[in-house]
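Novice: Sharing a structure with you now.
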Amino acid sequence: MRIFPILLILLSMPSEAADIKPFTSDGCSSFPDGTLAHRDLWYSCCKAHDYAYWKGGTYQERIDADEELQTCVAKAGEPEIALLMLAGVRVGGTPYFPTQFRWGYGWPYFRAYQVLSDEDKLKILEQLEKKEFK
């Protein structure tokens, strides 16, 4: 049973040597990017949210990103959909499952929540220079 605490310690250690993958966005994942009349109504909200999830960070930064998504979709004129999306990302965006849309999905799994170091920020900027974020 002594191996379990050691495993937990190893899994929680930051992976400083890891590189971040190029930024990708699937829009609103399994959710529509807009209404039938305006198919991309809140797509830009989802792409900005994907950027935050790609780079990851602290738990508070995730909460902020999720609330920004909600605010953006509500400002697009869909406050009820914004609440539904907020509930979906709060449940589905955890960094603890190896999904393609988890918090910090740009980094190798298992990164969890952590402050982005200066080295991490430099790697993020390098990836963005390779592929411009629009």
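Letters A, B, ... mark the chains of the structure tokens in the order given; residue numbers begin at 1 per chain; ligand numbers begin at 1, in order shown.
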From a DSSP calculation on the backbone, collect every residue of chain A in alpha helix (DSSP H) and output the set as a PyMOL selection string.
Specialist: chain A and resi 3-12+43-55+59-75+79-92+118-130
Novice: I want to know what sits within 6 Å of range 100-106 of chain A, based on only C-alpha atoms, with residues of the same chain fewer than 5 positions away left out; could you give that as a VMD selection string?
Specialist: chain A and resid 20 to 21 53 to 56 93 to 95
Novice: Write the selection just made, keeping N, CA, C and O atoms, as a PDB file, in the first residue's frame?
Specialist:
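Result file again_20.pdb:
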ATOM      1  N   ILE A  20       3.798  21.888 -25.128  1.00  0.00           N
ATOM      2  CA  ILE A  20       2.373  22.035 -25.423  1.00  0.00           C
ATOM      3  C   ILE A  20       2.166  21.776 -26.915  1.00  0.00           C
ATOM      4  O   ILE A  20       2.976  22.183 -27.748  1.00  0.00           O
ATOM      5  N   LYS A  21       1.099  21.066 -27.237  1.00  0.00           N
ATOM      6  CA  LYS A  21       0.755  20.771 -28.629  1.00  0.00           C
ATOM      7  C   LYS A  21       0.215  22.046 -29.291  1.00  0.00           C
ATOM      8  O   LYS A  21      -0.234  22.957 -28.606  1.00  0.00           O
ATOM      9  N   TYR A  53      -8.827  26.642 -22.315  1.00  0.00           N
ATOM     10  CA  TYR A  53      -8.715  25.235 -21.920  1.00  0.00           C
ATOM     11  C   TYR A  53      -7.446  24.603 -22.471  1.00  0.00           C
ATOM     12  O   TYR A  53      -6.832  23.772 -21.820  1.00  0.00           O
ATOM     13  N   TRP A  54      -7.051  24.975 -23.681  1.00  0.00           N
ATOM     14  CA  TRP A  54      -5.837  24.441 -24.289  1.00  0.00           C
ATOM     15  C   TRP A  54      -4.619  24.750 -23.426  1.00  0.00           C
ATOM     16  O   TRP A  54      -3.836  23.870 -23.114  1.00  0.00           O
ATOM     17  N   LYS A  55      -4.491  26.003 -23.003  1.00  0.00           N
ATOM     18  CA  LYS A  55      -3.294  26.370 -22.237  1.00  0.00           C
ATOM     19  C   LYS A  55      -3.395  25.989 -20.763  1.00  0.00           C
ATOM     20  O   LYS A  55      -2.385  25.791 -20.109  1.00  0.00           O
ATOM     21  N   GLY A  56      -4.601  25.844 -20.242  1.00  0.00           N
ATOM     22  CA  GLY A  56      -4.762  25.424 -18.854  1.00  0.00           C
ATOM     23  C   GLY A  56      -4.356  26.488 -17.862  1.00  0.00           C
ATOM     24  O   GLY A  56      -4.302  27.669 -18.177  1.00  0.00           O
ATOM     25  N   GLY A  93     -15.387  19.452 -18.362  1.00  0.00           N
ATOM     26  CA  GLY A  93     -14.061  19.993 -18.641  1.00  0.00           C
ATOM     27  C   GLY A  93     -12.977  19.685 -17.630  1.00  0.00           C
ATOM     28  O   GLY A  93     -11.895  20.254 -17.689  1.00  0.00           O
ATOM     29  N   THR A  94     -13.247  18.797 -16.719  1.00  0.00           N
ATOM     30  CA  THR A  94     -12.275  18.473 -15.684  1.00  0.00           C
ATOM     31  C   THR A  94     -10.944  18.008 -16.291  1.00  0.00           C
ATOM     32  O   THR A  94     -10.943  17.319 -17.312  1.00  0.00           O
ATOM     33  N   PRO A  95      -9.824  18.352 -15.669  1.00  0.00           N
ATOM     34  CA  PRO A  95      -8.537  17.895 -16.190  1.00  0.00           C
ATOM     35  C   PRO A  95      -8.209  16.451 -15.810  1.00  0.00           C
ATOM     36  O   PRO A  95      -7.187  15.925 -16.229  1.00  0.00           O
TER      37      PRO A  95
END
Novice: Within 10 Å of range 87-90 of chain A, which residues of range 57-81 of chain A come that close, and what is the closest atom pair and distance in Å for each? Count only C-alpha atoms and give it as a tab-separated table.
Specialist:
residue	atom	partner	partner_atom	distance
A:Arg62	CA	A:Arg90	CA	8.9
A:Ile63	CA	A:Arg90	CA	8.1
A:Ala65	CA	A:Val89	CA	9.8
A:Asp66	CA	A:Val89	CA	6.8
A:Glu67	CA	A:Arg90	CA	9.7
A:Leu69	CA	A:Val89	CA	9.3
A:Gln70	CA	A:Ala87	CA	9.4
A:Ile81	CA	A:Ala87	CA	9.9
Novice: Kindly save the residues from that selection, with N, CA, C and O atoms included, as a tab-separated table (two decimals), in the first residue's frame.
Specialist:
chain	number	residue	atom	x	y	z
A	62	ARG	N	-9.82	28.39	-14.64
A	62	ARG	CA	-10.86	27.59	-15.31
A	62	ARG	C	-12.24	28.15	-15.01
A	62	ARG	O	-13.08	28.28	-15.91
A	63	ILE	N	-12.48	28.46	-13.75
A	63	ILE	CA	-13.77	29.07	-13.39
A	63	ILE	C	-13.98	30.36	-14.19
A	63	ILE	O	-15.06	30.59	-14.75
A	65	ALA	N	-12.66	31.23	-17.08
A	65	ALA	CA	-12.89	30.91	-18.49
A	65	ALA	C	-14.32	30.44	-18.72
A	65	ALA	O	-14.96	30.83	-19.70
A	66	ASP	N	-14.83	29.62	-17.82
A	66	ASP	CA	-16.20	29.12	-17.95
A	66	ASP	C	-17.21	30.26	-17.80
A	66	ASP	O	-18.19	30.33	-18.55
A	67	GLU	N	-16.97	31.15	-16.87
A	67	GLU	CA	-17.87	32.29	-16.68
A	67	GLU	C	-17.80	33.26	-17.87
A	67	GLU	O	-18.81	33.85	-18.26
A	69	LEU	N	-17.24	32.32	-20.95
A	69	LEU	CA	-18.04	31.66	-21.98
A	69	LEU	C	-19.51	31.96	-21.76
A	69	LEU	O	-20.22	32.35	-22.70
A	70	GLN	N	-19.97	31.80	-20.54
A	70	GLN	CA	-21.37	32.07	-20.22
A	70	GLN	C	-21.73	33.52	-20.57
A	70	GLN	O	-22.75	33.78	-21.20
A	81	ILE	N	-29.22	29.40	-23.06
A	81	ILE	CA	-28.22	28.50	-23.64
A	81	ILE	C	-26.88	28.69	-22.94
A	81	ILE	O	-26.14	27.73	-22.69
Novice: With distances taken over only C-alpha atoms, which residue among A:Thr99, A:Tyr51, A:Trp107, A:Gly34 lies nearest Asp120 in chain A?
Specialist: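 Looking only at the distances to Asp120 in chain A, the closest residue turns out to be A:Trp107.
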Novice: One decimal, Å: what's the distance from CA of Tyr59 in chain A over to CA of Val115 in chain A, could you say?
Specialist: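 Separation of CA of Tyr59 in chain A and CA of Val115 in chain A: 9.0 Å.
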Novice: So which one's closest to Ala52 in chain A, A:Phe31, A:Cys72, A:Pro79, A:Ser25? Using only C-alpha atoms, please.
Specialist: A:Ser25
Novice: For a quick check of understanding, using only C-alpha atoms, which of A:Cys28, A:Leu116, A:Leu36, A:Ala18 has the smallest distance to Met85 in chain A?
Specialist: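 With only C-alpha atoms as the atom set, the closest residue is A:Cys28.
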Novice: Hey, which of A:Asp26, A:Asp33, A:His49, A:Thr58 ends up closest to Gln114 in chain A? Count only C-alpha atoms.
Specialist: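 Result for the nearest residue to Gln114 in chain A: A:Thr58.
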